[in-house]
Structures are given as C-alpha cells and as structure tokens.
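Trainee: Data: structure18.txt, compact mmCIF, C-alpha atoms.
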```txt
# COMPACT_ATOMS: atom_id res chain seq x y z
CA MET H 1 -21.70 41.79 6.72
CA LEU H 2 -23.30 38.61 8.01
CA LYS H 3 -23.83 37.47 4.41
CA THR H 4 -20.14 38.08 3.71
CA ILE H 5 -19.12 36.05 6.76
CA ALA H 6 -21.54 33.27 5.78
CA LEU H 7 -20.20 33.18 2.24
CA ALA H 8 -16.61 33.17 3.50
CA SER H 9 -17.42 30.35 5.89
CA LEU H 10 -19.09 28.37 3.10
CA LEU H 11 -16.07 28.91 0.84
CA LEU H 12 -13.71 27.84 3.61
CA PHE H 13 -15.81 24.76 4.28
CA THR H 14 -15.87 23.91 0.56
CA LEU H 15 -12.14 24.38 0.14
CA SER H 16 -11.57 22.36 3.31
CA GLY H 17 -13.71 19.59 1.85
CA PHE H 18 -11.63 19.58 -1.33
CA ALA H 19 -8.43 19.49 0.71
CA GLN H 20 -9.70 16.58 2.76
CA ALA H 21 -10.77 14.75 -0.39
CA ASP H 22 -7.22 15.16 -1.67
CA THR H 23 -5.55 13.54 1.34
CA GLY H 24 -6.37 9.93 0.54
CA LEU H 25 -3.77 7.26 -0.11
CA ILE H 26 -3.35 6.34 -3.79
CA ILE H 27 -1.46 3.12 -4.53
CA HIS H 28 -0.09 1.88 -7.86
CA ALA H 29 0.74 -1.82 -7.53
CA ALA H 30 2.65 -3.88 -10.08
CA GLU H 31 3.52 -7.56 -10.03
CA ILE H 32 7.32 -7.97 -10.31
CA GLY H 33 7.35 -9.41 -13.84
CA VAL H 34 5.20 -6.57 -15.17
CA ALA H 35 7.40 -4.04 -13.35
CA LYS H 36 10.40 -5.50 -15.21
CA PHE H 37 8.49 -5.13 -18.48
CA HIS H 38 7.88 -1.46 -17.72
CA ARG H 39 11.52 -0.91 -16.81
CA LYS H 40 12.61 -2.25 -20.18
CA GLY H 41 9.80 -0.38 -21.94
CA ASN H 42 10.94 2.87 -20.35
CA GLN H 43 14.45 2.27 -21.70
CA VAL H 44 13.17 1.66 -25.23
CA HIS H 45 10.56 4.46 -25.22
CA ALA H 46 10.95 6.86 -22.30
CA TYR H 47 7.69 7.22 -20.38
CA GLY H 48 6.62 10.85 -20.16
CA ALA H 49 5.84 12.76 -16.97
CA LYS H 50 2.09 12.22 -17.53
CA ASN H 51 2.32 8.55 -18.50
CA VAL H 52 0.34 6.56 -15.93
CA TRP H 53 2.70 3.57 -16.28
CA ARG H 54 5.66 5.53 -14.89
CA HIS H 55 4.50 4.48 -11.42
CA ASN H 56 4.89 0.78 -12.28
CA ILE H 57 8.53 0.87 -13.39
CA LEU H 58 10.99 -1.23 -11.41
CA PRO H 59 13.83 1.22 -10.64
CA ASP H 60 17.11 0.86 -12.52
CA GLY H 61 19.50 -1.34 -10.60
CA ALA H 62 16.78 -2.81 -8.38
CA ASP H 63 16.76 -6.59 -8.03
CA SER H 64 13.76 -8.93 -7.82
CA HIS H 65 13.20 -8.78 -4.07
CA THR H 66 9.78 -7.64 -2.97
CA PRO H 67 8.00 -5.70 -1.70
CA GLN H 68 9.55 -2.53 -3.03
CA VAL H 69 7.79 0.67 -1.97
CA ARG H 70 8.35 4.11 -3.49
CA LEU H 71 6.85 7.53 -2.82
CA GLU H 72 6.07 9.11 -6.19
CA ASP H 73 6.37 12.75 -7.25
CA ASP H 74 2.57 13.16 -7.10
CA GLN H 75 2.53 11.83 -3.50
CA SER H 76 1.04 8.49 -4.51
CA TYR H 77 2.85 5.28 -3.62
CA SER H 78 4.10 2.46 -5.81
CA ILE H 79 4.32 -1.12 -4.58
CA ILE H 80 6.18 -3.79 -6.54
CA PHE H 81 4.99 -7.14 -5.20
CA SER H 82 5.20 -10.90 -5.64
CA THR H 83 2.22 -12.24 -3.69
CA LEU H 84 -1.26 -10.96 -2.85
CA GLU H 85 -0.56 -11.20 0.87
CA GLU H 86 2.55 -9.09 0.41
CA LEU H 87 0.60 -6.45 -1.52
CA LEU H 88 -2.31 -6.20 0.92
CA LYS H 89 -0.11 -6.21 4.04
CA THR H 90 2.14 -3.51 2.57
CA SER H 91 -0.94 -1.44 1.68
CA MET H 92 -2.21 -1.71 5.25
CA ASP H 93 1.22 -0.70 6.58
CA LEU H 94 1.25 2.36 4.30
CA SER H 95 -2.18 3.39 5.53
CA LYS H 96 -0.99 3.15 9.13
CA LYS H 97 2.29 4.95 8.37
CA THR H 98 0.68 7.85 6.50
CA GLY H 99 -2.47 8.06 8.59
CA LYS H 100 -4.52 8.00 5.39
CA LEU H 101 -7.29 5.78 4.10
CA ILE H 102 -6.84 4.18 0.69
CA THR H 103 -8.89 6.03 -1.91
CA ALA H 104 -7.57 4.06 -4.89
CA ILE H 105 -5.46 1.04 -5.65
CA SER H 106 -4.60 -0.03 -9.20
CA ILE H 107 -3.25 -3.58 -9.52
CA ASN H 108 -1.21 -4.17 -12.69
CA GLY H 109 -0.41 -7.76 -13.64
CA HIS H 110 -1.27 -10.61 -15.99
CA GLY H 111 -4.84 -11.81 -15.67
CA LEU H 112 -7.28 -14.57 -16.46
CA PRO H 113 -11.07 -14.65 -16.05
CA GLY H 114 -11.77 -14.36 -12.33
CA GLY H 115 -8.22 -13.78 -11.10
CA MET H 116 -4.61 -12.84 -11.73
CA TRP H 117 -1.34 -14.69 -12.28
CA TYR H 118 0.66 -14.40 -9.07
CA PRO H 119 0.83 -16.42 -5.83
CA GLN H 120 -1.59 -15.75 -3.02
CA ASP H 121 1.10 -16.06 -0.33
CA ALA H 122 4.66 -17.22 0.38
CA ASP H 123 3.68 -20.90 0.62
CA ASP H 124 1.91 -20.75 -2.73
CA LEU H 125 4.96 -19.05 -4.25
CA LYS H 126 7.12 -22.04 -3.32
CA SER H 127 4.68 -24.58 -4.78
CA LEU H 128 5.25 -26.55 -7.97
CA GLY H 129 2.29 -24.78 -9.57
CA CYS H 130 4.18 -21.48 -9.40
CA TYR H 131 7.26 -22.80 -11.23
CA SER H 132 6.58 -20.88 -14.46
CA TRP H 133 5.60 -17.73 -12.55
CA GLN H 134 8.88 -17.85 -10.61
CA ASN H 135 10.80 -18.23 -13.88
CA ALA H 136 9.13 -15.13 -15.28
CA ALA H 137 9.55 -13.14 -12.06
CA ASN H 138 13.27 -13.92 -11.94
CA ALA H 139 13.90 -13.61 -15.69
CA PRO H 140 15.84 -10.72 -17.23
CA ASP H 141 13.84 -7.65 -18.21
CA GLN H 142 14.28 -8.43 -21.90
CA GLU H 143 12.45 -11.75 -21.56
CA ASN H 144 9.48 -10.12 -19.84
CA TYR H 145 9.49 -7.43 -22.52
CA ASP H 146 9.70 -9.82 -25.49
CA GLN H 147 6.95 -12.18 -24.34
CA TYR H 148 4.52 -9.30 -23.82
CA TYR H 149 4.57 -8.59 -27.56
CA GLY H 150 3.99 -12.16 -28.66
CA ALA H 151 1.20 -13.14 -31.04
CA ILE H 152 -1.73 -15.08 -29.59
CA SER H 153 -3.62 -17.85 -31.33
CA LYS H 154 -7.36 -18.16 -31.79
CA ASP H 155 -7.27 -21.44 -29.86
CA ASP H 156 -5.68 -19.70 -26.87
CA ILE H 157 -8.37 -17.02 -26.95
CA MET H 158 -11.20 -19.54 -27.17
CA GLN H 159 -9.82 -21.48 -24.21
CA ILE H 160 -9.83 -18.29 -22.15
CA ARG H 161 -13.44 -17.66 -23.17
CA GLN H 162 -14.32 -21.22 -22.24
CA MET H 163 -12.65 -20.79 -18.86
CA SER H 164 -14.69 -17.63 -18.23
CA GLN H 165 -17.96 -19.60 -18.30
CA SER H 166 -17.32 -21.38 -15.00
CA SER H 167 -18.62 -20.31 -11.59
CA ALA H 168 -16.25 -22.77 -9.90
CA PRO H 169 -13.35 -21.29 -7.86
CA MET H 170 -10.20 -20.63 -9.91
CA ASN H 171 -8.18 -23.83 -9.91
CA TYR H 172 -5.05 -23.19 -11.96
CA GLY H 173 -1.44 -23.07 -10.84
CA CYS H 174 -0.25 -19.77 -9.33
CA THR H 175 -3.46 -17.92 -10.15
CA THR H 176 -5.17 -16.04 -7.35
CA GLY H 177 -8.93 -15.80 -7.64
CA LEU H 178 -11.67 -14.94 -5.15
CA SER H 179 -10.96 -17.98 -2.94
CA GLY H 180 -7.28 -16.94 -2.74
CA TRP H 181 -8.31 -13.41 -1.77
CA LYS H 182 -10.56 -14.83 0.96
CA ASN H 183 -7.68 -16.92 2.32
CA VAL H 184 -5.38 -13.89 2.48
CA VAL H 185 -7.95 -11.43 3.85
CA ALA H 186 -8.72 -13.87 6.67
CA LYS H 187 -5.10 -13.47 7.78
CA LEU H 188 -5.28 -9.65 7.70
CA PRO H 189 -7.93 -8.46 10.14
CA GLY H 190 -8.73 -4.81 9.71
CA LEU H 191 -8.18 -4.70 5.94
CA GLN H 192 -11.63 -3.25 5.22
CA ALA H 193 -10.98 -0.43 7.68
CA VAL H 194 -8.10 1.04 5.61
CA PHE H 195 -10.33 1.78 2.60
CA SER H 196 -12.22 5.07 2.30
CA ASP H 197 -15.95 5.19 1.69
CA LYS H 198 -15.54 5.98 -2.03
CA ALA H 199 -12.45 3.85 -2.70
CA VAL H 200 -11.92 2.41 -6.17
CA ILE H 201 -10.02 -0.79 -6.96
CA HIS H 202 -8.81 -1.06 -10.57
CA PHE H 203 -7.70 -4.50 -11.77
CA VAL H 204 -5.43 -3.32 -14.56
CA SER H 205 -5.16 -6.63 -16.34
CA CYS H 206 -6.42 -8.79 -19.18
CA VAL H 207 -9.89 -10.42 -19.03
CA VAL H 208 -10.24 -10.46 -15.23
CA GLY H 209 -13.89 -9.44 -15.58
CA LEU H 210 -14.78 -11.76 -18.45
CA GLY H 211 -17.87 -13.96 -18.27
CA ARG H 212 -19.46 -15.60 -15.26
CA ALA H 213 -16.06 -16.09 -13.62
CA GLY H 214 -15.27 -12.40 -14.00
CA ASP H 215 -18.65 -11.32 -12.71
CA ASN H 216 -18.35 -13.49 -9.58
CA PHE H 217 -14.84 -12.18 -8.95
CA THR H 218 -15.65 -8.49 -9.41
CA LYS H 219 -18.67 -8.58 -7.14
CA GLY H 220 -16.94 -10.88 -4.66
CA ILE H 221 -13.93 -8.58 -4.25
CA ALA H 222 -16.22 -5.61 -3.62
CA GLU H 223 -18.08 -7.48 -0.89
CA LEU H 224 -14.89 -8.87 0.64
CA VAL H 225 -12.64 -5.79 0.59
CA LEU H 226 -14.91 -2.74 0.39
CA GLY H 227 -17.64 -4.18 2.61
CA GLN H 228 -19.92 -1.45 3.92
CA THR H 229 -18.35 1.33 1.88
CA HIS H 230 -19.75 2.91 -1.29
CA GLY H 231 -16.69 2.35 -3.44
CA SER H 232 -16.29 0.42 -6.68
CA VAL H 233 -14.28 -2.36 -8.29
CA GLU H 234 -13.36 -2.26 -12.00
CA THR H 235 -12.30 -5.16 -14.22
CA SER H 236 -11.88 -5.61 -17.97
CA THR H 237 -13.80 -8.13 -20.06
CA ALA H 238 -11.19 -7.83 -22.85
CA PHE H 239 -7.44 -8.18 -23.19
CA GLY H 240 -5.58 -5.18 -21.79
CA LEU H 241 -3.07 -2.89 -23.48
CA GLY H 242 -0.65 -0.91 -21.35
CA ASP H 243 2.70 -0.13 -22.94
CA TRP H 244 4.46 3.21 -23.58
CA SER H 245 1.97 4.14 -26.31
CA MET H 246 -1.00 4.12 -23.89
CA PRO H 247 -0.16 6.94 -21.44
CA GLU H 248 -3.82 7.60 -20.57
CA GLY H 249 -4.52 4.20 -19.02
CA MET H 250 -5.18 0.58 -19.97
CA GLY H 251 -6.60 0.07 -23.45
CA PHE H 252 -8.43 -2.94 -24.88
CA TRP H 253 -8.08 -5.62 -27.54
CA ASP H 254 -9.89 -8.84 -28.39
CA TYR H 255 -10.60 -11.33 -31.15
CA GLN H 256 -13.21 -10.08 -33.63
CA THR H 257 -12.59 -11.90 -36.91
CA ASP H 258 -9.98 -14.23 -38.36
CA ALA H 259 -8.82 -11.47 -40.70
CA GLN H 260 -8.44 -8.99 -37.86
CA LEU H 261 -6.53 -11.52 -35.74
CA GLU H 262 -4.20 -12.34 -38.63
CA ARG H 263 -3.53 -8.65 -39.27
CA ASP H 264 -2.86 -7.82 -35.61
CA ASN H 265 -0.65 -10.87 -35.10
CA SER H 266 1.41 -9.90 -38.15
CA ILE H 267 2.19 -6.33 -37.05
CA TYR H 268 2.17 -6.52 -33.25
CA PRO H 269 5.35 -8.56 -32.63
CA VAL H 270 7.18 -6.41 -35.19
CA ASN H 271 6.06 -2.86 -34.38
CA ARG H 272 5.56 -3.49 -30.64
CA LYS H 273 3.00 -0.74 -30.22
CA ASP H 274 -0.24 -1.35 -28.34
CA ARG H 275 -1.93 1.68 -29.82
CA GLU H 276 -1.86 0.20 -33.33
CA ILE H 277 -4.24 -2.60 -32.35
CA MET H 278 -6.39 -0.89 -29.69
CA GLN H 279 -10.19 -1.25 -29.73
CA LYS H 280 -13.13 0.00 -27.72
CA GLY H 281 -13.55 -2.06 -24.57
CA THR H 282 -16.16 -3.08 -22.00
CA ILE H 283 -15.48 -2.85 -18.29
CA ARG H 284 -17.34 -4.52 -15.47
CA VAL H 285 -18.02 -2.37 -12.42
CA ALA H 286 -19.16 -3.51 -9.00
CA GLN H 287 -21.06 -0.86 -7.05
CA LYS H 288 -23.53 -0.87 -4.21
CA THR H 289 -27.22 -0.37 -4.89
CA GLY H 290 -28.88 0.18 -1.54
CA SER H 291 -27.26 -2.32 0.79
CA ALA H 292 -26.33 -4.93 -1.83
CA TRP H 293 -23.41 -5.11 -4.24
CA GLY H 294 -24.17 -5.59 -7.91
CA THR H 295 -22.29 -5.37 -11.20
CA SER H 296 -22.85 -3.40 -14.40
CA LEU H 297 -21.21 -3.40 -17.81
CA PHE H 298 -20.01 -0.21 -19.53
CA ALA H 299 -19.16 -0.44 -23.23
CA ASN H 300 -17.36 1.79 -25.74
CA VAL H 301 -14.62 2.61 -23.25
CA ASP H 302 -11.29 3.85 -24.63
CA PHE H 303 -9.23 3.38 -21.46
CA MET H 304 -9.52 2.03 -17.96
CA PHE H 305 -8.19 4.82 -15.78
CA VAL H 306 -5.85 4.26 -12.84
CA GLY H 307 -5.41 6.19 -9.62
CA GLU H 308 -8.32 7.79 -7.81
CA THR H 309 -10.37 8.55 -10.94
CA PRO H 310 -13.08 5.98 -11.67
CA THR H 311 -13.22 5.16 -15.36
CA ALA H 312 -15.28 7.86 -17.13
CA ARG H 313 -18.64 6.16 -17.27
CA GLY H 314 -20.25 9.40 -18.44
CA VAL H 315 -18.75 8.89 -21.90
CA SER H 316 -19.40 5.17 -22.07
CA ALA H 317 -22.63 3.23 -22.48
CA LEU H 318 -24.29 1.25 -19.72
CA ILE H 319 -25.44 -1.99 -21.31
CA ALA H 320 -27.71 -4.81 -20.22
CA PRO H 321 -26.14 -7.69 -18.29
CA GLU H 322 -24.92 -10.41 -20.58
CA ALA H 323 -26.74 -13.72 -20.89
CA PHE H 324 -24.16 -16.16 -19.57
CA ALA H 325 -23.56 -19.45 -21.36
CA PRO H 326 -24.41 -22.61 -19.41
CA ASP H 327 -22.24 -22.94 -16.31
CA LEU H 328 -19.07 -24.88 -17.07
CA SER H 329 -18.38 -27.75 -14.70
CA VAL H 330 -14.97 -28.25 -13.14
CA GLU H 331 -14.45 -31.29 -15.35
CA GLU H 332 -15.21 -29.29 -18.51
CA ALA H 333 -12.72 -26.52 -17.76
CA PRO H 334 -9.63 -26.40 -20.05
CA LEU H 335 -6.68 -28.46 -18.82
CA ARG H 336 -4.25 -25.64 -19.53
CA VAL H 337 -4.68 -21.99 -20.44
CA ARG H 338 -2.19 -19.46 -21.76
CA VAL H 339 -1.67 -16.41 -19.56
CA PRO H 340 -2.22 -13.33 -21.77
CA GLY H 341 0.88 -11.20 -22.21
CA THR H 342 3.18 -14.15 -21.57
CA GLN H 343 4.37 -17.35 -23.21
CA SER H 344 3.37 -19.31 -20.09
CA TYR H 345 0.51 -21.75 -19.63
CA VAL H 346 -1.16 -22.55 -16.32
CA GLU H 347 -2.23 -26.11 -15.62
CA LYS H 348 -5.52 -27.10 -13.99
CA LEU H 349 -4.86 -28.43 -10.50
CA THR H 350 -6.39 -31.62 -9.14
CA ARG H 351 -7.50 -30.03 -5.87
CA ASN H 352 -10.55 -27.74 -5.65
```
In structure tokens, how does this file's structure come out?

Mentor:
Amino acid sequence: MLKTIALASLLLFTLSGFAQADTGLIIHAAEIGVAKFHRKGNQVHAYGAKNVWRHNILPDGADSHTPQVRLEDDQSYSIIFSTLEELLKTSMDLSKKTGKLITAISINGHGLPGGMWYPQDADDLKSLGCYSWQNAANAPDQENYDQYYGAISKDDIMQIRQMSQSSAPMNYGCTTGLSGWKNVVAKLPGLQAVFSDKAVIHFVSCVVGLGRAGDNFTKGIAELVLGQTHGSVETSTAFGLGDWSMPEGMGFWDYQTDAQLERDNSIYPVNRKDREIMQKGTIRVAQKTGSAWGTSLFANVDFMFVGETPTARGVSALIAPEAFAPDLSVEEAPLRVRVPGTQSYVEKLTRN
C-alpha cells in the first residue's frame, strides 16, 4: 500500500512538474514590415494551422500602429512592434499581466551581422537614419511582399560578409545592435527577472549571427538579457527563409558558387518559393558553461525552430569555432549595406 501511495505521489509530482513547465509565456514577435509581408503571404498561400508563421501575420484590416498584441489559439502571444523598446516593454507588461515568466521569445525581422533593422526607440525611429525603414513600415503589404522575393547580387553578399568581420558596435542607420539593446535595457529595470531559467531567445532573421559581429552580439544578448539564468540565444549565420513554404521554422540560404547564385536568382523572383532554394544552415548558440556565457556553432541544420523548442541540436553537428578574419576597423567597414529581404540599403553613420 505504501508503495502504491509513493508511486501515486511520484506520478502526481511528475505530472505537476510537466504542468508547471507548460505555464510559461511564449511570445512571437514580428517587426511591422515583416508582419505585413506575412499578411500578404497568407492571402496568396493560406498558412496552415501548424504553420509557425501564422503567429506573425498582421490581422486583416489592422493599420500600422504598434504595438499590436494578440492572444493566439495555442495560448502564446503575438506582438507586432516597431522599436526594440516597444517590444521589450510590451513583453514585460505581458509577463506582469499573465503572471508568467517568458520561456521563449522569437523575434522575426530583417537582419544584418550583429543586429536587426528596426529602431531602438521612439527617438531613433524619428531620425533621418530611419527614413527608409519608415517607408517600408508604412508601405502597402504588396511592396513588403514583392521586395522580399528580390534577387540579391554577389556584391551585396560580400559586403555583408565584410561587415560581419568587425567587432566595432553596429553603426548603420536604423539598425539595432548590442549597444542599442544596452541602451534600451538600461531604461527597463527588471527585464532579466521576467525570463525563466531555461528561456530561449530566437533571432529569426538573416545573418544576425554571422562572423565576429554575430558572435559578439549572440553572446552579448545572453549576458545582458538572460543574465544568471541557464537559457540560450540562437542566431543564424546564413540568410533566412521564412515564407508560406517553410511551415516548420526558418530555413537557410547563402552564396555557394556563381552558378548556384545565378540559378537561384533566376527562379526565386518568379516562383516565389523559399523551399526551392533552401540549404542546410549553421546556427550560433549562446549557452552558459559554468558561470560564463560562451557560443557554439551547430551545422547541418534544416530549420531554426521558434517558440519554446530550442533548435534540435541532437540532429545537427557541433563544429569547432570558426577562425575569424582579421578584425575590421570602423574605417574599413562598408559605407552602405543592403538589408537582406528588402530593396533598402543602410548607410554607415558618422557617430560611433
């Protein structure tokens, strides 16, 4: 009898543990221009009930004001945002409102090595450097949809790779890197406290984790936001794919050869299907070893997952850290760089 009671108690404790593990706050965040892309994409090819991008769709009839918050059918929350401060403050408010800690946040937007293309705060949004971002954010859905499927030149790709070699803070118009995150987090005391011990942050975006810039960013965000927890931060070292044909999560693409680039650029703007050009990708993951944060690379990944599931590293290969090229000085950084997934270029600013 005692054994039966003990087993019943153990089962109850185990089930209780699973229930508690299922009560975390899951957030799907999408920058407003990307949310417009998904709204148009959903009209052209309806997103299925299991398509992860369904959470990033700007609702029909909704305008461009932000933030827009929506409770999803799986009890996760969607946030459509314009600035980093808006996103983080709204996430903190949701944690307070629901009484839950954040177990996962997936941030979907256009990226560059070491950061993403959106303003850090309301003042940045109004700046001259954010002129092209404002145009895209306020543009009709069709424009956001069309530019996503544009061909990209080898020169544009090589400039992005060059940019990734720098350890200097991101210094391009309307791009928010680690220094921008530090500025915003300083205005939001208590941010670390709303993340659970095993929280995962997915940067669902092109090339955020590429090169030295990507490594510094990925590790820096983990230290800044997750602090003393045992969570993880995931970024991609390749271009990201995330349209209707990729329901599992973000896929990957990159330049391999001139012939491959010519082929992909010839079919992509016509067929408008990410899955036709998808490749295996490499993600960068920041995790804590002992008391210190470090980063690792995992290759042969098919998708970066979103939501509370860390990307399946059991089916990918842990590889040795890359040998970075010589550190690029601020003066050597490209003067302008094309934002992947757009027709916009960001200009290097004169201030540091």

Trainee: Which of these, H:Tyr172, H:Val52, H:Leu188, H:Ala333, has the shortest distance to Phe303 in chain H once you count all atoms listed in the file?

Mentor: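 Nearest to Phe303 in chain H: H:Val52.
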
Trainee: For range 145-236 of chain H versus range 91-109 of chain H, which residues have an atom no more than 8 Å away, and what is each residue's nearest atom pair and distance in Å rounded to one decimal, using all atoms listed in the file, chain-then-number order, as a Markdown table?

Mentor:
```
| residue | atom | partner | partner_atom | distance |
| --- | --- | --- | --- | --- |
| H:Leu191 | CA | H:Met92 | CA | 6.7 |
| H:Val194 | CA | H:Leu101 | CA | 5.0 |
| H:Phe195 | CA | H:Ile102 | CA | 4.6 |
| H:Ser196 | CA | H:Leu101 | CA | 5.3 |
| H:Asp197 | CA | H:Thr103 | CA | 8.0 |
| H:Lys198 | CA | H:Thr103 | CA | 6.7 |
| H:Ala199 | CA | H:Thr103 | CA | 4.2 |
| H:Val200 | CA | H:Ala104 | CA | 4.8 |
| H:Ile201 | CA | H:Ile105 | CA | 5.1 |
| H:His202 | CA | H:Ser106 | CA | 4.5 |
| H:Phe203 | CA | H:Ile107 | CA | 5.1 |
| H:Val204 | CA | H:Asn108 | CA | 4.7 |
| H:Ser205 | CA | H:Gly109 | CA | 5.6 |
```

Trainee: So that I can see what lies close to range 234-238 of chain H, please list as an mmCIF file with C-alpha atoms, in the coordinates of the input the residues with an atom at most 9 Å from it, counting all atoms listed in the file and leaving out residues fewer than 3 positions away in the same chain.

Mentor:
```cif
data_model
loop_
_atom_site.group_PDB
_atom_site.id
_atom_site.type_symbol
_atom_site.label_atom_id
_atom_site.label_comp_id
_atom_site.auth_asym_id
_atom_site.auth_seq_id
_atom_site.Cartn_x
_atom_site.Cartn_y
_atom_site.Cartn_z
ATOM 1 C CA PRO H 113 -11.070 -14.650 -16.050
ATOM 2 C CA VAL H 200 -11.920 2.410 -6.170
ATOM 3 C CA ILE H 201 -10.020 -0.790 -6.960
ATOM 4 C CA HIS H 202 -8.810 -1.060 -10.570
ATOM 5 C CA PHE H 203 -7.700 -4.500 -11.770
ATOM 6 C CA VAL H 204 -5.430 -3.320 -14.560
ATOM 7 C CA SER H 205 -5.160 -6.630 -16.340
ATOM 8 C CA CYS H 206 -6.420 -8.790 -19.180
ATOM 9 C CA VAL H 207 -9.890 -10.420 -19.030
ATOM 10 C CA VAL H 208 -10.240 -10.460 -15.230
ATOM 11 C CA GLY H 209 -13.890 -9.440 -15.580
ATOM 12 C CA LEU H 210 -14.780 -11.760 -18.450
ATOM 13 C CA GLY H 211 -17.870 -13.960 -18.270
ATOM 14 C CA GLY H 214 -15.270 -12.400 -14.000
ATOM 15 C CA ASP H 215 -18.650 -11.320 -12.710
ATOM 16 C CA THR H 218 -15.650 -8.490 -9.410
ATOM 17 C CA PHE H 252 -8.430 -2.940 -24.880
ATOM 18 C CA TRP H 253 -8.080 -5.620 -27.540
ATOM 19 C CA ASP H 254 -9.890 -8.840 -28.390
ATOM 20 C CA GLY H 281 -13.550 -2.060 -24.570
ATOM 21 C CA THR H 282 -16.160 -3.080 -22.000
ATOM 22 C CA ILE H 283 -15.480 -2.850 -18.290
ATOM 23 C CA ARG H 284 -17.340 -4.520 -15.470
ATOM 24 C CA VAL H 285 -18.020 -2.370 -12.420
ATOM 25 C CA ALA H 286 -19.160 -3.510 -9.000
ATOM 26 C CA MET H 304 -9.520 2.030 -17.960
ATOM 27 C CA PRO H 310 -13.080 5.980 -11.670
ATOM 28 C CA THR H 311 -13.220 5.160 -15.360
#
```

Trainee: Which residue, H:Cys174, H:Ile152, H:Leu318, H:Ala186, has the smallest gap to Pro269 in chain H when you use all atoms listed in the file?

Mentor: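 Of the candidates, the smallest distance to Pro269 in chain H is held by H:Ile152.
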
Trainee: Take every atom of range 213-230 of chain H listed in the file, pad by 5 Å on each side, and give me the axis-aligned box centre and edge lengths in Å, one decimal, as JSON.

Mentor:
```
{"center_x": -16.3, "center_y": -6.6, "center_z": -5.0, "size_x": 17.3, "size_y": 29.0, "size_z": 27.9}
```

Trainee: Mind giving me the straight-line distance from CA of Glu276 in chain H to CA of Ile80 in chain H in Å, one decimal?

Mentor: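 Straight-line distance from CA of Glu276 in chain H to CA of Ile80 in chain H works out to 28.3 Å.
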
Trainee: If you count only C-alpha atoms, which residues fall within 9 Å of range 326-328 of chain H, apart from same-chain ones fewer than 4 positions away, as a list of chain:residue names?

Mentor: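 Listed by chain and then number, they are H:Gln162, H:Met163, H:Ser164, H:Gln165, H:Ser166, H:Ser167, H:Ala168, H:Arg212, H:Glu332, H:Ala333.
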
Trainee: Go ahead and save the picked residues with C-alpha atoms, as a PDB file, keeping the file's coordinate frame.

Mentor:
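The result, written out as out_11.pdb:
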```
ATOM      1  CA  GLN H 162     -14.320 -21.220 -22.240  1.00  0.00           C
ATOM      2  CA  MET H 163     -12.650 -20.790 -18.860  1.00  0.00           C
ATOM      3  CA  SER H 164     -14.690 -17.630 -18.230  1.00  0.00           C
ATOM      4  CA  GLN H 165     -17.960 -19.600 -18.300  1.00  0.00           C
ATOM      5  CA  SER H 166     -17.320 -21.380 -15.000  1.00  0.00           C
ATOM      6  CA  SER H 167     -18.620 -20.310 -11.590  1.00  0.00           C
ATOM      7  CA  ALA H 168     -16.250 -22.770  -9.900  1.00  0.00           C
ATOM      8  CA  ARG H 212     -19.460 -15.600 -15.260  1.00  0.00           C
ATOM      9  CA  GLU H 332     -15.210 -29.290 -18.510  1.00  0.00           C
ATOM     10  CA  ALA H 333     -12.720 -26.520 -17.760  1.00  0.00           C
TER      11      ALA H 333
END
```

Trainee: Enter the distance from CA of Gly314 in chain H to CA of Ser296 in chain H, in Å, rounded to one decimal.

Mentor: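 Interatomic distance here is 13.7 Å.
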
Trainee: What does the structure give for the distance between CA of Asp274 in chain H and CA of Val337 in chain H, in Å to one decimal?

Mentor: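 So the two atoms, CA of Asp274 in chain H and CA of Val337 in chain H, lie 22.5 Å apart.
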
Trainee: Tell me which of H:Lys154, H:Lys182, H:Lys50, H:Lys36 sits closest to Glu262 in chain H, counting all atoms listed in the file.

Mentor: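 Closest to Glu262 in chain H of all the choices is H:Lys154.
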
Trainee: What's the 9 Å shell around Pro59 in chain H, counting all atoms listed in the file, without same-chain residues fewer than 3 positions away, as a list in words?

Mentor: Ala35, Lys36, Arg39, Ala62 and Asp63 of chain H

Trainee: Select, from H:Val306, H:Val339, H:Val330, H:Val233, the residue with the minimum atom-to-atom distance to Asn51 in chain H, counting all atoms listed in the file.

Mentor: H:Val306

Trainee: Between H:Gln75, H:Gln43, H:Gln68, H:Asn144, single out the one closest to Thr23 in chain H, counting all atoms listed in the file.

Mentor: H:Gln75

Trainee: Counting all atoms listed in the file, what is within 12 Å of Arg272 in chain H, bar same-chain residues fewer than 2 positions away, as a PyMOL selection string?

Mentor: chain H and resi 41+44-45+145-151+241-245+264-270+274-277

Trainee: Need to verify the contact set: Asp74 in chain H, 12 Å, only C-alpha atoms, exclusion of same-chain residues closer than 3 positions in sequence. Can you return it as JSON, numbers by chain?

Mentor: {"H": [22, 23, 25, 26, 27, 28, 49, 50, 52, 54, 55, 70, 71, 77, 78, 307]}

Trainee: Which residue out of H:Ser82, H:Lys273, H:Gln279, H:Leu88 has the minimum interatomic distance to Lys126 in chain H when all atoms listed in the file are used?

Mentor: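 The shortest atom-to-atom distance to Lys126 in chain H comes from H:Ser82.
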